[in-house]
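K.L.:
Provided below: target.pdb, containing PDB, C-alpha atoms.
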```
MODEL        1
ATOM      1  CA  MET A  18     -89.973 -71.701  18.934
ATOM      2  CA  ASN A  19     -90.625 -69.931  15.713
ATOM      3  CA  GLN A  20     -87.436 -70.128  13.717
ATOM      4  CA  ARG A  21     -87.637 -69.776   9.993
ATOM      5  CA  GLY A  22     -85.855 -72.274   7.798
ATOM      6  CA  LEU A  23     -82.631 -71.444   6.026
ATOM      7  CA  LYS A  24     -83.014 -70.735   2.328
ATOM      8  CA  ILE A  25     -79.972 -71.351   0.137
ATOM      9  CA  GLY A  26     -80.475 -71.267  -3.601
ATOM     10  CA  SER A  27     -83.553 -73.335  -4.385
ATOM     11  CA  TYR A  28     -83.405 -75.353  -1.148
ATOM     12  CA  THR A  29     -84.911 -74.513   2.232
ATOM     13  CA  LEU A  30     -83.357 -76.278   5.208
ATOM     14  CA  SER A  31     -85.371 -76.866   8.360
ATOM     15  CA  SER A  32     -82.187 -76.946  10.467
ATOM     16  CA  ARG A  33     -79.358 -74.430  10.341
ATOM     17  CA  LEU A  34     -76.849 -77.162  11.029
ATOM     18  CA  ILE A  35     -75.276 -78.935   8.060
ATOM     19  CA  VAL A  36     -73.238 -82.016   8.909
ATOM     20  CA  GLY A  37     -70.576 -84.046   7.188
ATOM     21  CA  THR A  38     -70.500 -87.779   6.574
ATOM     22  CA  GLY A  39     -66.783 -88.508   7.055
ATOM     23  CA  LYS A  40     -64.657 -90.198   9.728
ATOM     24  CA  TYR A  41     -67.454 -92.176  11.410
ATOM     25  CA  ALA A  42     -66.548 -95.547  12.905
ATOM     26  CA  SER A  43     -69.508 -97.085  11.065
ATOM     27  CA  LEU A  44     -72.246 -96.065   8.654
ATOM     28  CA  GLU A  45     -74.818 -96.910  11.346
ATOM     29  CA  LEU A  46     -73.191 -94.451  13.754
ATOM     30  CA  MET A  47     -73.175 -91.810  11.016
ATOM     31  CA  ARG A  48     -76.892 -92.354  10.375
ATOM     32  CA  ASP A  49     -77.709 -92.126  14.095
ATOM     33  CA  CYS A  50     -75.592 -88.997  14.562
ATOM     34  CA  HIS A  51     -77.308 -87.334  11.625
ATOM     35  CA  ALA A  52     -80.665 -88.038  13.253
ATOM     36  CA  ALA A  53     -79.468 -86.807  16.673
ATOM     37  CA  SER A  54     -78.126 -83.567  15.205
ATOM     38  CA  GLY A  55     -81.498 -82.607  13.736
ATOM     39  CA  ALA A  56     -79.811 -81.615  10.472
ATOM     40  CA  ASN A  57     -81.643 -82.137   7.227
ATOM     41  CA  CYS A  58     -78.725 -81.500   4.919
ATOM     42  CA  VAL A  59     -75.571 -83.633   4.785
ATOM     43  CA  THR A  60     -72.483 -83.146   2.670
ATOM     44  CA  VAL A  61     -70.759 -85.968   0.766
ATOM     45  CA  ALA A  62     -67.460 -86.268  -1.109
ATOM     46  CA  VAL A  63     -66.725 -87.745  -4.542
ATOM     47  CA  ARG A  64     -64.101 -90.480  -4.877
ATOM     48  CA  ARG A  65     -63.136 -93.320  -7.188
ATOM     49  CA  GLU A  66     -65.315 -96.402  -6.816
ATOM     50  CA  ARG A  67     -63.386 -99.428  -5.620
ATOM     51  CA  LEU A  68     -62.980-102.045  -8.310
ATOM     52  CA  VAL A  69     -62.081-104.810  -5.857
ATOM     53  CA  ASP A  70     -62.671-105.432  -2.134
ATOM     54  CA  LYS A  71     -65.981-103.611  -2.129
ATOM     55  CA  THR A  72     -66.726-103.882   1.580
ATOM     56  CA  SER A  73     -70.026-105.748   1.759
ATOM     57  CA  GLY A  74     -71.156-103.771  -1.286
ATOM     58  CA  ARG A  75     -72.641-100.992   0.821
ATOM     59  CA  ASN A  76     -72.704 -97.433  -0.412
ATOM     60  CA  ILE A  77     -72.949 -94.413   1.883
ATOM     61  CA  LEU A  78     -76.198 -93.411   0.170
ATOM     62  CA  ASP A  79     -77.773 -96.630   1.442
ATOM     63  CA  MET A  80     -77.566 -95.095   4.936
ATOM     64  CA  ILE A  81     -79.012 -91.685   4.055
ATOM     65  CA  ASP A  82     -82.789 -91.333   3.788
ATOM     66  CA  PRO A  83     -83.581 -89.327   0.628
ATOM     67  CA  LYS A  84     -86.905 -88.186   2.091
ATOM     68  CA  LYS A  85     -85.255 -86.760   5.190
ATOM     69  CA  TYR A  86     -81.970 -85.368   3.885
ATOM     70  CA  ILE A  87     -80.874 -83.094   1.083
ATOM     71  CA  LEU A  88     -77.409 -84.030  -0.147
ATOM     72  CA  LEU A  89     -74.762 -81.371  -0.604
ATOM     73  CA  PRO A  90     -72.025 -82.779  -2.846
ATOM     74  CA  ASN A  91     -68.632 -81.240  -2.157
ATOM     75  CA  THR A  92     -65.328 -80.911  -3.958
ATOM     76  CA  ALA A  93     -63.234 -81.822  -0.920
ATOM     77  CA  GLY A  94     -59.678 -82.717  -1.766
ATOM     78  CA  CYS A  95     -59.442 -80.560  -4.898
ATOM     79  CA  PHE A  96     -56.430 -78.295  -5.306
ATOM     80  CA  THR A  97     -57.135 -76.610  -8.644
ATOM     81  CA  ALA A  98     -60.162 -74.936 -10.208
ATOM     82  CA  GLU A  99     -60.111 -77.538 -12.982
ATOM     83  CA  GLU A 100     -60.299 -80.469 -10.540
ATOM     84  CA  ALA A 101     -63.029 -78.805  -8.497
ATOM     85  CA  VAL A 102     -65.190 -78.158 -11.562
ATOM     86  CA  ARG A 103     -64.692 -81.727 -12.750
ATOM     87  CA  VAL A 104     -65.664 -83.176  -9.363
ATOM     88  CA  ALA A 105     -68.679 -80.855  -9.061
ATOM     89  CA  ARG A 106     -69.978 -82.061 -12.421
ATOM     90  CA  LEU A 107     -69.486 -85.716 -11.448
ATOM     91  CA  GLY A 108     -71.386 -85.115  -8.211
ATOM     92  CA  ARG A 109     -74.252 -83.510 -10.099
ATOM     93  CA  GLU A 110     -74.304 -86.389 -12.571
ATOM     94  CA  MET A 111     -74.506 -88.903  -9.736
ATOM     95  CA  LEU A 112     -77.480 -87.157  -8.169
ATOM     96  CA  THR A 113     -79.366 -86.653 -11.424
ATOM     97  CA  ASP A 114     -82.338 -89.064 -11.495
ATOM     98  CA  SER A 115     -80.983 -90.775  -8.375
ATOM     99  CA  GLY A 116     -83.978 -90.241  -6.098
ATOM    100  CA  PHE A 117     -81.909 -87.846  -3.952
ATOM    101  CA  ARG A 118     -82.239 -84.074  -3.822
ATOM    102  CA  GLY A 119     -79.079 -82.013  -4.265
ATOM    103  CA  ALA A 120     -78.093 -82.117  -7.946
ATOM    104  CA  GLU A 121     -78.536 -78.358  -8.290
ATOM    105  CA  TRP A 122     -75.901 -77.270  -5.824
ATOM    106  CA  VAL A 123     -72.338 -77.914  -4.706
ATOM    107  CA  LYS A 124     -70.044 -77.019  -1.848
ATOM    108  CA  LEU A 125     -66.962 -75.686  -3.591
ATOM    109  CA  GLU A 126     -63.685 -76.445  -1.888
ATOM    110  CA  CYS A 127     -60.426 -75.579  -3.627
ATOM    111  CA  LEU A 128     -57.493 -75.981  -1.261
ATOM    112  CA  GLY A 129     -53.984 -74.574  -1.196
ATOM    113  CA  ASP A 130     -51.983 -77.456   0.248
ATOM    114  CA  THR A 131     -52.314 -80.675   2.215
ATOM    115  CA  LYS A 132     -50.682 -79.402   5.407
ATOM    116  CA  THR A 133     -52.865 -76.382   6.123
ATOM    117  CA  LEU A 134     -55.920 -77.392   4.049
ATOM    118  CA  LEU A 135     -56.544 -73.678   3.764
ATOM    119  CA  PRO A 136     -58.719 -72.464   0.892
ATOM    120  CA  GLU A 137     -56.843 -71.282  -2.202
ATOM    121  CA  PRO A 138     -58.601 -68.016  -3.056
ATOM    122  CA  VAL A 139     -57.594 -67.596  -6.716
ATOM    123  CA  GLY A 140     -58.601 -71.116  -7.732
ATOM    124  CA  THR A 141     -61.768 -70.867  -5.672
ATOM    125  CA  LEU A 142     -62.914 -67.706  -7.471
ATOM    126  CA  GLU A 143     -61.982 -69.170 -10.856
ATOM    127  CA  ALA A 144     -63.923 -72.387 -10.199
ATOM    128  CA  LEU A 145     -66.883 -70.438  -8.850
ATOM    129  CA  LYS A 146     -67.222 -68.444 -12.065
ATOM    130  CA  ILE A 147     -67.148 -71.600 -14.215
ATOM    131  CA  LEU A 148     -69.679 -73.397 -12.013
ATOM    132  CA  VAL A 149     -72.060 -70.425 -11.883
ATOM    133  CA  ALA A 150     -71.918 -70.190 -15.694
ATOM    134  CA  ASP A 151     -72.693 -73.922 -15.777
ATOM    135  CA  GLY A 152     -75.886 -73.411 -13.747
ATOM    136  CA  PHE A 153     -74.701 -74.563 -10.329
ATOM    137  CA  GLN A 154     -75.810 -72.977  -7.066
ATOM    138  CA  VAL A 155     -72.439 -72.743  -5.357
ATOM    139  CA  LEU A 156     -71.785 -72.651  -1.613
ATOM    140  CA  VAL A 157     -68.231 -71.450  -1.371
ATOM    141  CA  TYR A 158     -65.820 -72.552   1.327
ATOM    142  CA  CYS A 159     -63.291 -69.771   1.841
ATOM    143  CA  SER A 160     -61.113 -68.068   4.429
ATOM    144  CA  ASP A 161     -62.510 -65.309   6.638
ATOM    145  CA  ASP A 162     -61.121 -62.552   4.401
ATOM    146  CA  VAL A 163     -63.757 -59.862   4.031
ATOM    147  CA  MET A 164     -62.731 -58.617   0.596
ATOM    148  CA  LEU A 165     -62.456 -62.143  -0.802
ATOM    149  CA  CYS A 166     -65.924 -62.935   0.524
ATOM    150  CA  LYS A 167     -67.266 -59.836  -1.236
ATOM    151  CA  ARG A 168     -65.657 -60.824  -4.534
ATOM    152  CA  LEU A 169     -67.131 -64.329  -4.226
ATOM    153  CA  GLN A 170     -70.566 -62.911  -3.520
ATOM    154  CA  GLU A 171     -70.306 -60.610  -6.551
ATOM    155  CA  ALA A 172     -69.274 -63.585  -8.698
ATOM    156  CA  GLY A 173     -72.594 -65.240  -7.925
ATOM    157  CA  ALA A 174     -72.025 -67.529  -4.925
ATOM    158  CA  ALA A 175     -75.325 -68.831  -3.493
ATOM    159  CA  ALA A 176     -73.762 -68.780  -0.020
ATOM    160  CA  ILE A 177     -70.422 -67.821   1.476
ATOM    161  CA  MET A 178     -68.853 -70.229   3.941
ATOM    162  CA  PRO A 179     -65.892 -68.740   5.778
ATOM    163  CA  ALA A 180     -63.819 -71.085   7.922
ATOM    164  CA  GLY A 181     -63.836 -70.468  11.662
ATOM    165  CA  SER A 182     -60.359 -72.053  11.780
ATOM    166  CA  PRO A 183     -58.543 -74.751   9.758
ATOM    167  CA  ILE A 184     -60.456 -77.908   8.760
ATOM    168  CA  GLY A 185     -60.587 -80.478  11.534
ATOM    169  CA  SER A 186     -58.510 -78.303  13.888
ATOM    170  CA  GLY A 187     -61.225 -77.821  16.507
ATOM    171  CA  GLN A 188     -59.945 -74.326  17.239
ATOM    172  CA  GLY A 189     -63.391 -72.750  16.948
ATOM    173  CA  ILE A 190     -64.016 -69.225  15.660
ATOM    174  CA  LEU A 191     -60.569 -67.658  15.743
ATOM    175  CA  ASN A 192     -61.568 -64.244  14.448
ATOM    176  CA  PRO A 193     -65.126 -63.370  15.423
ATOM    177  CA  ASN A 194     -64.595 -59.770  14.371
ATOM    178  CA  ALA A 195     -63.815 -60.835  10.805
ATOM    179  CA  ILE A 196     -67.028 -62.900  10.781
ATOM    180  CA  ARG A 197     -68.932 -59.844  12.071
ATOM    181  CA  ILE A 198     -67.589 -57.636   9.301
ATOM    182  CA  ILE A 199     -68.297 -60.311   6.680
ATOM    183  CA  LEU A 200     -71.891 -60.498   7.919
ATOM    184  CA  GLU A 201     -72.327 -56.720   7.791
ATOM    185  CA  GLN A 202     -70.814 -56.378   4.351
ATOM    186  CA  LEU A 203     -72.459 -59.370   2.672
ATOM    187  CA  LYS A 204     -75.909 -58.717   4.114
ATOM    188  CA  GLU A 205     -75.918 -54.990   3.417
ATOM    189  CA  LYS A 206     -78.157 -55.236   0.356
ATOM    190  CA  ASN A 207     -79.842 -58.522   1.193
ATOM    191  CA  PRO A 208     -80.204 -59.448   4.899
ATOM    192  CA  ASP A 209     -81.139 -62.989   3.878
ATOM    193  CA  TYR A 210     -77.897 -63.624   1.975
ATOM    194  CA  PRO A 211     -76.606 -66.857   3.559
ATOM    195  CA  VAL A 212     -73.298 -66.835   5.424
ATOM    196  CA  ILE A 213     -72.340 -70.152   6.977
ATOM    197  CA  VAL A 214     -69.361 -70.940   9.180
ATOM    198  CA  ASP A 215     -67.704 -74.031   7.728
ATOM    199  CA  ALA A 216     -64.801 -75.798   9.418
ATOM    200  CA  GLY A 217     -62.878 -75.498  12.646
ATOM    201  CA  VAL A 218     -65.684 -76.123  15.112
ATOM    202  CA  GLY A 219     -64.517 -78.093  18.148
ATOM    203  CA  THR A 220     -67.460 -78.170  20.495
ATOM    204  CA  ALA A 221     -70.966 -76.842  21.061
ATOM    205  CA  SER A 222     -69.898 -73.439  22.396
ATOM    206  CA  ASP A 223     -68.115 -72.759  19.086
ATOM    207  CA  VAL A 224     -71.426 -73.313  17.305
ATOM    208  CA  SER A 225     -73.243 -71.091  19.819
ATOM    209  CA  MET A 226     -70.694 -68.355  19.287
ATOM    210  CA  ALA A 227     -70.987 -68.492  15.512
ATOM    211  CA  MET A 228     -74.780 -68.519  15.597
ATOM    212  CA  GLU A 229     -74.907 -65.678  18.122
ATOM    213  CA  LEU A 230     -72.752 -63.576  15.794
ATOM    214  CA  GLY A 231     -75.601 -63.905  13.309
ATOM    215  CA  VAL A 232     -74.345 -66.427  10.798
ATOM    216  CA  ASP A 233     -77.142 -68.292   9.049
ATOM    217  CA  GLY A 234     -75.799 -71.732   9.736
ATOM    218  CA  VAL A 235     -72.841 -73.902  10.659
ATOM    219  CA  LEU A 236     -71.299 -76.801   8.752
ATOM    220  CA  LEU A 237     -69.230 -79.294  10.707
ATOM    221  CA  ASN A 238     -68.013 -82.890  10.573
ATOM    222  CA  THR A 239     -65.038 -83.816  12.728
ATOM    223  CA  ALA A 240     -66.402 -82.193  15.889
ATOM    224  CA  ILE A 241     -69.138 -84.857  15.953
ATOM    225  CA  ALA A 242     -67.410 -87.811  14.288
ATOM    226  CA  GLY A 243     -64.260 -87.375  16.382
ATOM    227  CA  ALA A 244     -65.952 -86.805  19.746
ATOM    228  CA  LYS A 245     -65.614 -89.467  22.451
ATOM    229  CA  GLU A 246     -69.371 -89.973  22.257
ATOM    230  CA  PRO A 247     -70.426 -88.803  18.800
ATOM    231  CA  LEU A 248     -74.150 -89.307  19.431
ATOM    232  CA  LYS A 249     -74.169 -86.958  22.422
ATOM    233  CA  MET A 250     -72.078 -84.396  20.566
ATOM    234  CA  ALA A 251     -74.443 -84.551  17.590
ATOM    235  CA  GLN A 252     -77.333 -83.671  19.867
ATOM    236  CA  ALA A 253     -75.280 -80.934  21.555
ATOM    237  CA  MET A 254     -74.469 -79.390  18.172
ATOM    238  CA  GLY A 255     -78.132 -79.380  17.177
ATOM    239  CA  LEU A 256     -79.148 -77.711  20.427
ATOM    240  CA  ALA A 257     -76.324 -75.157  20.202
ATOM    241  CA  THR A 258     -77.386 -74.245  16.675
ATOM    242  CA  GLU A 259     -80.948 -73.625  17.806
ATOM    243  CA  SER A 260     -80.089 -71.785  21.012
ATOM    244  CA  GLY A 261     -77.470 -69.686  19.256
ATOM    245  CA  ARG A 262     -79.944 -68.653  16.599
ATOM    246  CA  LEU A 263     -82.601 -67.822  19.187
ATOM    247  CA  ALA A 264     -80.108 -65.725  21.173
ATOM    248  CA  PHE A 265     -79.097 -63.859  18.023
ATOM    249  CA  GLU A 266     -82.714 -63.142  17.102
ATOM    250  CA  ALA A 267     -83.499 -62.135  20.675
ATOM    251  CA  GLY A 268     -80.622 -59.637  20.667
ATOM    252  CA  ARG A 269     -78.058 -59.705  23.446
ATOM    253  CA  ILE A 270     -77.664 -56.912  26.025
ATOM    254  CA  PRO A 271     -74.717 -54.588  25.586
ATOM    255  CA  ARG A 272     -71.511 -55.368  27.494
ATOM    256  CA  LYS A 273     -70.904 -52.889  30.323
ATOM    257  CA  LEU A 274     -67.911 -52.403  32.573
ATOM    258  CA  TYR A 275     -69.897 -51.945  35.798
ATOM    259  CA  ALA A 276     -72.734 -53.801  37.438
ATOM    260  CA  THR A 277     -76.452 -53.080  37.064
ATOM    261  CA  ALA A 278     -78.658 -54.511  39.826
ATOM    262  CA  SER A 279     -81.450 -56.863  38.793
ATOM    263  CA  SER A 280     -83.531 -56.224  41.935
ATOM    264  CA  PRO A 281     -85.073 -52.808  42.722
ATOM    265  CA  TRP A 282     -83.296 -50.497  45.171
ATOM    266  CA  GLU A 283     -86.626 -49.243  46.513
ATOM    267  CA  GLY A 284     -88.267 -51.125  49.373
ATOM    268  CA  ARG A 285     -85.150 -52.653  50.851
ATOM    269  CA  ILE A 286     -85.849 -53.292  54.571
ATOM    270  CA  ASN A 287     -82.652 -51.602  55.573
ATOM    271  CA  GLY A 288     -83.420 -48.589  53.301
TER
ATOM    272  CA  MET B  14     -58.265-104.633 -25.547
ATOM    273  CA  GLU B  15     -56.760-102.566 -22.777
ATOM    274  CA  VAL B  16     -58.493 -99.630 -21.113
ATOM    275  CA  VAL B  17     -57.545 -97.627 -18.023
ATOM    276  CA  VAL B  18     -60.172 -97.752 -15.277
ATOM    277  CA  ASN B  19     -59.641 -95.550 -12.233
ATOM    278  CA  GLY B  20     -55.944 -95.411 -13.024
ATOM    279  CA  GLU B  21     -55.523 -99.193 -13.427
ATOM    280  CA  ILE B  22     -54.965-100.990 -16.724
ATOM    281  CA  LYS B  23     -57.780-103.492 -17.324
ATOM    282  CA  GLU B  24     -58.347-106.054 -20.070
ATOM    283  CA  VAL B  25     -61.874-105.977 -21.512
ATOM    284  CA  ALA B  26     -63.532-107.586 -24.519
ATOM    285  CA  ASP B  27     -63.617-105.561 -27.741
ATOM    286  CA  GLY B  28     -66.777-103.470 -27.971
ATOM    287  CA  THR B  29     -67.487-103.550 -24.230
ATOM    288  CA  SER B  30     -70.072-100.937 -23.251
ATOM    289  CA  VAL B  31     -69.883 -98.784 -20.134
ATOM    290  CA  GLN B  32     -72.790-100.816 -18.743
ATOM    291  CA  GLU B  33     -70.918-104.083 -19.338
ATOM    292  CA  LEU B  34     -67.818-102.631 -17.712
ATOM    293  CA  LEU B  35     -69.822-101.753 -14.601
ATOM    294  CA  ASP B  36     -71.337-105.260 -14.605
ATOM    295  CA  GLN B  37     -67.841-106.731 -14.802
ATOM    296  CA  PHE B  38     -66.933-104.934 -11.557
ATOM    297  CA  GLN B  39     -70.372-105.562  -9.997
ATOM    298  CA  ILE B  40     -71.058-101.823  -9.695
ATOM    299  CA  LYS B  41     -74.634-100.552  -9.487
ATOM    300  CA  PRO B  42     -75.123 -97.808 -12.103
ATOM    301  CA  VAL B  43     -77.437 -95.777  -9.854
ATOM    302  CA  ARG B  44     -74.661 -95.076  -7.330
ATOM    303  CA  VAL B  45     -71.905 -93.928  -9.687
ATOM    304  CA  ALA B  46     -70.937 -91.359 -12.272
ATOM    305  CA  VAL B  47     -68.683 -92.220 -15.196
ATOM    306  CA  GLU B  48     -66.220 -90.213 -17.251
ATOM    307  CA  ARG B  49     -64.799 -91.463 -20.529
ATOM    308  CA  ASN B  50     -61.710 -89.525 -21.572
ATOM    309  CA  ARG B  51     -62.761 -86.656 -19.298
ATOM    310  CA  GLU B  52     -66.280 -86.460 -20.765
ATOM    311  CA  ILE B  53     -69.201 -87.457 -18.555
ATOM    312  CA  VAL B  54     -71.201 -90.432 -19.812
ATOM    313  CA  THR B  55     -74.767 -90.041 -18.545
ATOM    314  CA  ARG B  56     -76.563 -93.029 -17.061
ATOM    315  CA  LYS B  57     -78.868 -93.191 -20.077
ATOM    316  CA  GLN B  58     -75.832 -93.559 -22.343
ATOM    317  CA  PHE B  59     -74.198 -96.403 -20.370
ATOM    318  CA  ALA B  60     -75.585 -99.190 -22.541
ATOM    319  CA  ASN B  61     -74.889 -97.465 -25.858
ATOM    320  CA  THR B  62     -71.413 -96.153 -25.136
ATOM    321  CA  ARG B  63     -68.768 -98.585 -26.405
ATOM    322  CA  LEU B  64     -65.236 -98.386 -25.133
ATOM    323  CA  ALA B  65     -62.224 -98.103 -27.430
ATOM    324  CA  ALA B  66     -58.719 -99.369 -26.753
ATOM    325  CA  GLY B  67     -56.761 -96.956 -24.569
ATOM    326  CA  ASP B  68     -59.856 -95.209 -23.201
ATOM    327  CA  ASN B  69     -59.445 -93.587 -19.843
ATOM    328  CA  ILE B  70     -62.432 -94.339 -17.641
ATOM    329  CA  GLU B  71     -63.216 -92.879 -14.243
ATOM    330  CA  ILE B  72     -65.946 -94.443 -12.124
ATOM    331  CA  VAL B  73     -66.738 -92.390  -9.025
ATOM    332  CA  THR B  74     -69.164 -92.646  -6.156
ATOM    333  CA  PHE B  75     -70.052 -90.710  -3.019
ATOM    334  CA  VAL B  76     -68.081 -91.328   0.156
ATOM    335  CA  GLY B  77     -68.089 -89.826   3.624
ATOM    336  CA  GLY B  78     -66.618 -86.353   3.844
ATOM    337  CA  GLY B  79     -67.072 -82.919   5.293
TER
ENDMDL
END
```
Kindly present the structure from the file in structure tokens form.

P.N.:
Amino acid sequence: MNQRGLKIGSYTLSSRLIVGTGKYASLELMRDCHAASGANCVTVAVRRERLVDKTSGRNILDMIDPKKYILLPNTAGCFTAEEAVRVARLGREMLTDSGFRGAEWVKLECLGDTKTLLPEPVGTLEALKILVADGFQVLVYCSDDVMLCKRLQEAGAAAIMPAGSPIGSGQGILNPNAIRIILEQLKEKNPDYPVIVDAGVGTASDVSMAMELGVDGVLLNTAIAGAKEPLKMAQAMGLATESGRLAFEAGRIPRKLYATASSPWEGRING
Amino acid sequence: MEVVVNGEIKEVADGTSVQELLDQFQIKPVRVAVERNREIVTRKQFANTRLAAGDNIEIVTFVGGG
């Protein structure tokens, strides 16, 4: 296999799968799933440190190998541009001189409400502009709206990350045609411009489908952490990412209404 | 004096530094970021930054998320 890495901003990822760190039954299971997935980039959220009841004093970073993984801090749980910018800066501060890679970039998430967890486009664009001006390489989580994706790209996003379907819903890629158009439009001037499907993946075939459409990568969390056997699903997701990419690069045959025989007509014994 | 740490009112000694505040809660500086009244205090400034009464302090860390 000769698959190139995925370049986003100043980082090059060896795997096109980016995985989350949430909802695991234990930090050990998270670590093992990360390894099984083959990913070399994991995303982490920013929250208040507990002042009491610090469970055994362990921090999530103690279970992530800085040599193996690049961290992608995110602004999950932010509902305004102001909050998202504040959280992005705190994430960067935490990674500065920490021994971990990832201080230069952020996954921007600015949500509309708690029920749908859908991206709020106005706040997202506003936060993006502030973060770009502040020197961040911003990977922007957004809905699969073509025009919005174009505006975000123009505003300096390092990567565009349209949702396949709502966060944690497991509905897969609901509108593959929108993803196709986004890919065409965003890659028109630069074929290497990264487009990553983020959110909504339920199982490995969803990843295959996204990758076969030609997206540069997939980001997922719940599909692994919530599976009956997370370790197996982590491996399945890694394989689907690779096979999907290979199939995309290989180029699928066109769909036809009628059959085309695989064996020659000539030389049949009853001919 | 009273300061607000992560939304909770806490009593600390006058002149407490950010570093001493972290020590008080047994928090390792390398795993957190700190805001004082919405301004980030860098790790290098922890020891030299003294708190004032009524300061609003946020101490954050990374947690699992997607």

K.L.:
Neighbours of B:Leu35 within 12 Å (all atoms listed in the file; same-chain residues fewer than 6 positions away dropped), as a PDB file with C-alpha atoms, keeping the file's coordinate frame?

P.N.:
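Output below, filename out.pdb:
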```
ATOM      1  CA  GLU A  66     -65.315 -96.402  -6.816  1.00  0.00           C
ATOM      2  CA  ARG A  67     -63.386 -99.428  -5.620  1.00  0.00           C
ATOM      3  CA  LEU A  68     -62.980-102.045  -8.310  1.00  0.00           C
TER       4      LEU A  68
ATOM      5  CA  VAL B  18     -60.172 -97.752 -15.277  1.00  0.00           C
ATOM      6  CA  VAL B  25     -61.874-105.977 -21.512  1.00  0.00           C
ATOM      7  CA  THR B  29     -67.487-103.550 -24.230  1.00  0.00           C
ATOM      8  CA  LYS B  41     -74.634-100.552  -9.487  1.00  0.00           C
ATOM      9  CA  PRO B  42     -75.123 -97.808 -12.103  1.00  0.00           C
ATOM     10  CA  VAL B  43     -77.437 -95.777  -9.854  1.00  0.00           C
ATOM     11  CA  ARG B  44     -74.661 -95.076  -7.330  1.00  0.00           C
ATOM     12  CA  VAL B  45     -71.905 -93.928  -9.687  1.00  0.00           C
ATOM     13  CA  ALA B  46     -70.937 -91.359 -12.272  1.00  0.00           C
ATOM     14  CA  VAL B  47     -68.683 -92.220 -15.196  1.00  0.00           C
ATOM     15  CA  ARG B  56     -76.563 -93.029 -17.061  1.00  0.00           C
ATOM     16  CA  PHE B  59     -74.198 -96.403 -20.370  1.00  0.00           C
ATOM     17  CA  ALA B  60     -75.585 -99.190 -22.541  1.00  0.00           C
ATOM     18  CA  LEU B  64     -65.236 -98.386 -25.133  1.00  0.00           C
ATOM     19  CA  ILE B  70     -62.432 -94.339 -17.641  1.00  0.00           C
ATOM     20  CA  GLU B  71     -63.216 -92.879 -14.243  1.00  0.00           C
ATOM     21  CA  ILE B  72     -65.946 -94.443 -12.124  1.00  0.00           C
ATOM     22  CA  VAL B  73     -66.738 -92.390  -9.025  1.00  0.00           C
TER      23      VAL B  73
END
```

K.L.:
What residues come out when you apply the PyMOL selection byres ((chain B and resi 15) around 7) to this file, written as number ranges by chain?

P.N.:
B: 14, 16-17, 22-25, 66-67

K.L.:
A:Val69, A:Leu30, A:Ile241, A:Leu156: which is nearest A:Glu126, counting all atoms listed in the file?

P.N.:
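That would be A:Leu156, the residue with the smallest distance to A:Glu126.
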
K.L.:
Take the PyMOL selection byres ((chain A and resi 258) around 8), run it mentally on this structure, and tell me the resulting residues as a list of chain:residue names.

P.N.:
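The output of the PyMOL selection byres ((chain A and resi 258) around 8) on this file is A:Arg33, A:Leu34, A:Val224, A:Ser225, A:Met228, A:Gly234, A:Val235, A:Met254, A:Gly255, A:Leu256, A:Ala257, A:Glu259, A:Ser260, A:Gly261, A:Arg262.
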
K.L.:
Given all atoms listed in the file as the basis, pick out the residue of A:Val149, A:Val139, A:Met226, A:Ile213 nearest to A:Ala105.

P.N.:
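With all atoms listed in the file as the atom set, the closest residue is A:Val149.
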
K.L.:
Just give me the gap between atom CA of A:Ser160 and atom CA of A:Met47 in Å, one decimal is fine.

P.N.:
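Atom CA of A:Ser160 sits 27.4 Å away from atom CA of A:Met47.
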
K.L.:
Hey, list the chain A side of the contact with chain B: 8 Å cut-off, all atoms listed in the file, answer as a list of chain:residue names.

P.N.:
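Taken together, these residues fit the definition: A:Val36, A:Gly37, A:Thr38, A:Gly39, A:Lys40, A:Thr60, A:Val61, A:Ala62, A:Val63, A:Arg64, A:Arg65, A:Glu66, A:Leu68, A:Val69, A:Asn76, A:Ile77, A:Leu78, A:Asn91, A:Ala93, A:Leu107, A:Gly108, A:Glu110, A:Met111, A:Ser115, A:Leu237, A:Asn238, A:Thr239.
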
K.L.:
Would you please work out which residue, of A:Gly231, A:Pro193, A:Pro281, A:Pro211, is nearest to A:Ala175 when using all atoms listed in the file?

P.N.:
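Of A:Gly231, A:Pro193, A:Pro281, A:Pro211, the one nearest A:Ala175, counting all atoms listed in the file, is A:Pro211.
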
K.L.:
Restricting the calculation to only C-alpha atoms, which member of B:Asp27, B:Thr62, B:Glu33, B:Asp68 is positioned closest to B:Asn50?

P.N.:
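Going through B:Asp27, B:Thr62, B:Glu33, B:Asp68 one by one, the smallest distance to B:Asn50 is for B:Asp68.
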
K.L.:
To verify the selection step, state as a PyMOL selection string which residues the PyMOL selection byres ((chain A and resi 95) around 9) yields on this input.

P.N.:
chain A and resi 92-94+96-101+104+126-129

K.L.:
Can you measure atom CA of A:Ala176 to atom CA of A:Lys206 for me? One decimal in Å is fine.

P.N.:
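Atom CA of A:Lys206 lies at a distance of 14.2 Å from atom CA of A:Ala176.
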
K.L.:
So what do you get for atom CA of A:Leu263 versus atom CA of A:Val232, distance-wise?

P.N.:
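Separation between atom CA of A:Leu263 and atom CA of A:Val232: 11.9 Å.
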
K.L.:
Quick one: residues within 10 Å of A:Leu145, all atoms listed in the file, excluding same-chain residues fewer than 5 positions away - as JSON, numbers by chain?

P.N.:
{"A": [98, 101, 102, 125, 126, 127, 139, 140, 150, 151, 153, 154, 155, 156, 157, 169, 170, 172, 173, 174]}
